[in-house]
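*Asks:* Can you read through this structure? Questions will come right after.
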Amino acid sequence: MFIVSDELYFPPVELAGEDGLLAIGGDLSLNRLLLAYKNGIFPWYNEDEPICWWSPNPRFVLYPSQIKISSSMKTVLNSGRFRFTINKSFADVIQNCKIVARKGQDGTWISAAMQKAYINMHNNGYAHSAEAWLDDKLVGGLYGIRLGNIFFGESMFSHESNASKFAFIKYVQQLQQENVTLIDCQLYTKHLESLGAVMIERKLFCRTLAQDKFIAGLKIG
């Protein structure tokens, strides 16, 4: 197990354990988070634990061109029930992701420190949100990190049936228009599998990151 020091460094992702855990410690500074995402690593931990850094193998991803839209969701998309926006209310999206009740979970991994760190990433142009509105009420959405042609999804929430799916599909369609080639979903969920997400080998995932010109040229520190 690698212990992260004050130095901006992570060990090679191939050293991660079978569960994907690579390192423990460090901080959630902008530079460290950018270094993590650049190398296919993300933080995930409970509030009363030290920061844990993960790089699972295989990796759960979605290729935007392969998104699956069911007939029922096509009806929702065309109904005009929800209104779609991007980066309209980032702080509210992450707050809702934090507090929404999730089946089989007692709490949330989105701590106050995580909220602060990702709002800082948003203010620096790296973190983005997509929102679904019912009238003037925020009822669904998601947030994540955009580096070059890769989007790293973090979390989503829904207060109305199909609201998060609506926001996700609309955002994927928008990202496809912007030449985003890969969406990182991190870990398997049945929900995202139904939308077309698949497992790929970590080495392929990291190779895709390394081949992205923006990510490869990202200067950190």
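Identifiers for the structure tokens are assigned positionally: chains receive A, B, ... in sequence, residues are indexed from 1 per chain, and ligands are indexed from 1 in the order shown.
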Please provide the set of residues having any atom within 10 Å of Lys137 of chain A, restricted to only C-alpha atoms, with same-chain residues fewer than 5 positions apart removed, written as a VMD selection string.
*Replies:* chain A and resid 82 to 83 132 159
*Asks:* Keeping only N, CA and C atoms, write the selected residues to a file as a PDB file, in the first residue's frame.
*Replies:*
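Output (result.pdb):
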ATOM      1  N   PHE A  82     -38.858  17.860 -19.102  1.00  0.00           N
ATOM      2  CA  PHE A  82     -37.693  18.397 -18.415  1.00  0.00           C
ATOM      3  C   PHE A  82     -36.966  19.416 -19.294  1.00  0.00           C
ATOM      4  N   ARG A  83     -36.312  20.351 -18.633  1.00  0.00           N
ATOM      5  CA  ARG A  83     -35.458  21.321 -19.315  1.00  0.00           C
ATOM      6  C   ARG A  83     -34.006  21.006 -18.975  1.00  0.00           C
ATOM      7  N   ALA A 132     -31.207  18.744 -14.947  1.00  0.00           N
ATOM      8  CA  ALA A 132     -32.573  18.553 -15.434  1.00  0.00           C
ATOM      9  C   ALA A 132     -33.500  19.359 -14.524  1.00  0.00           C
ATOM     10  N   HIS A 159     -34.544  13.400  -8.352  1.00  0.00           N
ATOM     11  CA  HIS A 159     -35.692  13.575  -7.461  1.00  0.00           C
ATOM     12  C   HIS A 159     -37.006  13.296  -8.177  1.00  0.00           C
TER      13      HIS A 159
END
*Asks:* Taking the backbone alone, and naming residues the way the document does, which bits of segment 39-209 of chain A are helix (DSSP H, G or I) by DSSP, as a PyMOL selection string?
*Replies:* chain A and resi 64-66+71-79+90-99+112-123+163-177+190-193+202-209
*Asks:* For Leu147 of chain A, find every residue with an atom within 9 Å (counting only C-alpha atoms), except residues of its own chain fewer than 4 positions away, and show them as a PyMOL selection string.
*Replies:* chain A and resi 34+37-38+126-127+151-152+212+214-215+218
*Asks:* What would the file look like if the residues just selected were written as a PDB file, in the first residue's frame with C-alpha atoms?
*Replies:*
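Writing done, so here's part-v9.pdb:
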ATOM      1  CA  LEU A  34      -5.519  16.892 -11.930  1.00  0.00           C
ATOM      2  CA  TYR A  37      -7.293  12.103 -13.309  1.00  0.00           C
ATOM      3  CA  LYS A  38      -4.488  12.475 -15.828  1.00  0.00           C
ATOM      4  CA  TYR A 126     -12.290  21.539 -15.051  1.00  0.00           C
ATOM      5  CA  ALA A 127     -15.458  20.293 -13.308  1.00  0.00           C
ATOM      6  CA  PHE A 151     -15.193  13.174 -19.387  1.00  0.00           C
ATOM      7  CA  PHE A 152     -14.754  11.585 -15.953  1.00  0.00           C
ATOM      8  CA  ASP A 212      -5.313  12.656 -25.646  1.00  0.00           C
ATOM      9  CA  PHE A 214      -4.781  17.960 -23.897  1.00  0.00           C
ATOM     10  CA  ILE A 215      -4.190  15.437 -21.125  1.00  0.00           C
ATOM     11  CA  LEU A 218      -1.339  19.150 -19.086  1.00  0.00           C
TER      12      LEU A 218
END
*Asks:* Rounded to one decimal in Å, what is the spacing between atom CA of Gln66 of chain A and atom CA of Tyr188 of chain A?
*Replies:*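 Separating atom CA of Gln66 of chain A from atom CA of Tyr188 of chain A is a distance of 16.6 Å.
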*Asks:* Where does DSSP see strand (DSSP E) in segment 13-214 of chain A, if you list the residues as a PyMOL selection string?
*Replies:* chain A and resi 21-25+42-43+52-54+59-62+83-86+127-134+137-147+150-158+182-186+198-200
*Asks:* Go ahead and save the picked residues with N, CA and C atoms, as a short mmCIF file (atom, residue, chain, number, x, y, z; two decimals), in the first residue's frame.
*Replies:*
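As a result, part.cif now contains:
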data_model
loop_
_atom_site.label_atom_id
_atom_site.label_comp_id
_atom_site.auth_asym_id
_atom_site.auth_seq_id
_atom_site.Cartn_x
_atom_site.Cartn_y
_atom_site.Cartn_z
N LEU A 21 -7.58 -0.32 -5.16
CA LEU A 21 -6.99 0.66 -4.25
C LEU A 21 -5.50 0.81 -4.53
N LEU A 22 -5.08 2.04 -4.80
CA LEU A 22 -3.70 2.31 -5.17
C LEU A 22 -2.90 2.97 -4.06
N ALA A 23 -3.50 3.97 -3.38
CA ALA A 23 -2.76 4.75 -2.40
C ALA A 23 -3.71 5.38 -1.38
N ILE A 24 -3.12 5.83 -0.27
CA ILE A 24 -3.88 6.46 0.81
C ILE A 24 -3.15 7.73 1.23
N GLY A 25 -3.94 8.77 1.53
CA GLY A 25 -3.36 9.99 2.08
C GLY A 25 -3.36 11.14 1.08
N PHE A 42 -8.76 8.13 -9.19
CA PHE A 42 -9.78 9.01 -8.61
C PHE A 42 -9.89 8.77 -7.10
N PRO A 43 -10.32 9.80 -6.34
CA PRO A 43 -10.48 9.65 -4.90
C PRO A 43 -11.88 9.12 -4.56
N CYS A 52 -8.61 7.90 0.00
CA CYS A 52 -8.20 6.70 -0.72
C CYS A 52 -8.24 6.98 -2.22
N TRP A 53 -7.21 6.52 -2.93
CA TRP A 53 -7.06 6.76 -4.36
C TRP A 53 -7.18 5.43 -5.10
N TRP A 54 -8.00 5.39 -6.15
CA TRP A 54 -8.36 4.14 -6.80
C TRP A 54 -8.06 4.17 -8.30
N ARG A 59 -12.03 -1.22 -16.11
CA ARG A 59 -12.63 0.10 -15.90
C ARG A 59 -13.97 0.15 -16.63
N PHE A 60 -14.94 0.78 -15.99
CA PHE A 60 -16.29 0.89 -16.55
C PHE A 60 -16.40 2.21 -17.31
N VAL A 61 -16.67 2.15 -18.60
CA VAL A 61 -16.67 3.35 -19.44
C VAL A 61 -17.86 3.33 -20.40
N LEU A 62 -18.13 4.49 -20.96
CA LEU A 62 -19.15 4.60 -22.01
C LEU A 62 -18.55 5.35 -23.19
N ARG A 83 -36.31 20.35 -18.63
CA ARG A 83 -35.46 21.32 -19.32
C ARG A 83 -34.01 21.01 -18.98
N PHE A 84 -33.14 21.06 -19.98
CA PHE A 84 -31.74 20.68 -19.81
C PHE A 84 -30.83 21.90 -19.81
N THR A 85 -29.86 21.94 -18.87
CA THR A 85 -28.85 22.99 -18.85
C THR A 85 -27.49 22.39 -18.51
N ILE A 86 -26.44 23.15 -18.80
CA ILE A 86 -25.06 22.76 -18.48
C ILE A 86 -24.43 23.87 -17.63
N ALA A 127 -14.28 21.06 -13.71
CA ALA A 127 -15.46 20.29 -13.31
C ALA A 127 -16.72 20.92 -13.90
N HIS A 128 -17.63 20.07 -14.35
CA HIS A 128 -18.83 20.54 -15.03
C HIS A 128 -20.06 19.78 -14.52
N SER A 129 -21.19 20.42 -14.68
CA SER A 129 -22.45 19.80 -14.27
C SER A 129 -23.46 19.86 -15.40
N ALA A 130 -24.38 18.92 -15.38
CA ALA A 130 -25.52 18.92 -16.29
C ALA A 130 -26.77 18.79 -15.44
N GLU A 131 -27.80 19.56 -15.79
CA GLU A 131 -28.98 19.64 -14.93
C GLU A 131 -30.27 19.34 -15.67
N ALA A 132 -31.21 18.74 -14.95
CA ALA A 132 -32.57 18.55 -15.43
C ALA A 132 -33.50 19.36 -14.52
N TRP A 133 -34.36 20.16 -15.14
CA TRP A 133 -35.28 21.02 -14.40
C TRP A 133 -36.72 20.66 -14.72
N LEU A 134 -37.56 20.69 -13.70
CA LEU A 134 -39.00 20.56 -13.87
C LEU A 134 -39.59 21.90 -13.46
N LYS A 137 -37.53 23.98 -10.84
CA LYS A 137 -36.96 23.17 -9.76
C LYS A 137 -35.93 22.20 -10.31
N LEU A 138 -34.75 22.16 -9.68
CA LEU A 138 -33.69 21.23 -10.05
C LEU A 138 -34.09 19.83 -9.57
N VAL A 139 -34.30 18.92 -10.51
CA VAL A 139 -34.81 17.60 -10.14
C VAL A 139 -33.86 16.46 -10.51
N GLY A 140 -32.78 16.76 -11.19
CA GLY A 140 -31.83 15.72 -11.56
C GLY A 140 -30.56 16.33 -12.12
N GLY A 141 -29.50 15.55 -12.11
CA GLY A 141 -28.26 16.07 -12.68
C GLY A 141 -27.06 15.18 -12.38
N LEU A 142 -25.92 15.62 -12.87
CA LEU A 142 -24.67 14.90 -12.67
C LEU A 142 -23.51 15.88 -12.74
N TYR A 143 -22.35 15.45 -12.24
CA TYR A 143 -21.16 16.28 -12.37
C TYR A 143 -19.95 15.38 -12.61
N GLY A 144 -18.90 16.00 -13.13
CA GLY A 144 -17.67 15.27 -13.39
C GLY A 144 -16.59 16.19 -13.90
N ILE A 145 -15.49 15.61 -14.34
CA ILE A 145 -14.31 16.35 -14.78
C ILE A 145 -14.13 16.19 -16.28
N ARG A 146 -13.86 17.29 -16.95
CA ARG A 146 -13.60 17.26 -18.40
C ARG A 146 -12.14 17.64 -18.63
N LEU A 147 -11.39 16.71 -19.22
CA LEU A 147 -10.02 16.97 -19.63
C LEU A 147 -9.90 16.55 -21.09
N ILE A 150 -11.99 13.66 -22.91
CA ILE A 150 -12.41 12.65 -21.94
C ILE A 150 -13.26 13.32 -20.86
N PHE A 151 -14.39 12.70 -20.52
CA PHE A 151 -15.19 13.17 -19.39
C PHE A 151 -15.18 12.10 -18.31
N PHE A 152 -14.83 12.50 -17.10
CA PHE A 152 -14.75 11.58 -15.95
C PHE A 152 -15.99 11.82 -15.08
N GLY A 153 -16.98 10.96 -15.20
CA GLY A 153 -18.20 11.12 -14.42
C GLY A 153 -17.97 10.81 -12.95
N GLU A 154 -18.58 11.59 -12.08
CA GLU A 154 -18.41 11.40 -10.65
C GLU A 154 -19.67 10.91 -9.94
N SER A 155 -20.77 11.63 -10.10
CA SER A 155 -21.99 11.23 -9.39
C SER A 155 -23.20 11.86 -10.06
N MET A 156 -24.37 11.28 -9.81
CA MET A 156 -25.61 11.84 -10.33
C MET A 156 -26.72 11.67 -9.29
N PHE A 157 -27.79 12.41 -9.46
CA PHE A 157 -28.93 12.32 -8.54
C PHE A 157 -30.22 12.51 -9.31
N SER A 158 -31.31 12.09 -8.70
CA SER A 158 -32.62 12.27 -9.30
C SER A 158 -33.68 12.40 -8.21
N LEU A 182 -14.68 9.43 -24.88
CA LEU A 182 -14.79 8.44 -23.80
C LEU A 182 -15.34 9.09 -22.54
N ILE A 183 -16.26 8.39 -21.88
CA ILE A 183 -16.80 8.83 -20.60
C ILE A 183 -16.42 7.78 -19.56
N ASP A 184 -15.69 8.19 -18.56
CA ASP A 184 -15.28 7.29 -17.47
C ASP A 184 -16.42 7.17 -16.47
N CYS A 185 -16.92 5.96 -16.29
CA CYS A 185 -17.97 5.70 -15.29
C CYS A 185 -17.40 5.05 -14.04
N GLN A 186 -16.10 4.81 -14.03
CA GLN A 186 -15.35 4.29 -12.89
C GLN A 186 -15.72 2.85 -12.54
N VAL A 198 -19.60 -0.15 -20.73
CA VAL A 198 -18.96 -1.46 -20.82
C VAL A 198 -17.67 -1.47 -20.01
N MET A 199 -17.18 -2.66 -19.73
CA MET A 199 -15.90 -2.83 -19.06
C MET A 199 -14.77 -2.90 -20.09
N ILE A 200 -13.67 -2.19 -19.82
CA ILE A 200 -12.47 -2.31 -20.64
C ILE A 200 -11.27 -2.49 -19.72
#
*Asks:* Take atom CA of Thr181 of chain A and atom CA of Tyr63 of chain A and report the distance between them in Å, one decimal.
*Replies:*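 These atoms are spaced 6.2 Å apart.
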*Asks:* Which one is closest to Gly26 of chain A: A:Gly80, A:Pro50, A:Gly196, A:Gly40? Count only C-alpha atoms.
*Replies:* A:Pro50
*Asks:* For Ile110 of chain A, which residue out of A:Asn39, A:Thr189, A:Gln95, A:Asn123 is the nearest one, using only C-alpha atoms?
*Replies:* A:Gln95
*Asks:* Can you work out the spacing between atom CA of Thr75 of chain A and atom CA of Tyr171 of chain A in Å, to one decimal?
*Replies:*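 About the pair atom CA of Thr75 of chain A and atom CA of Tyr171 of chain A: they are 16.9 Å apart.
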*Asks:* Counting only C-alpha atoms, what is within 12 Å of Gln173 of chain A, bar same-chain residues fewer than 3 positions away, as a PyMOL selection string?
*Replies:* chain A and resi 63-69+77+84+130+166-170+176-181+183
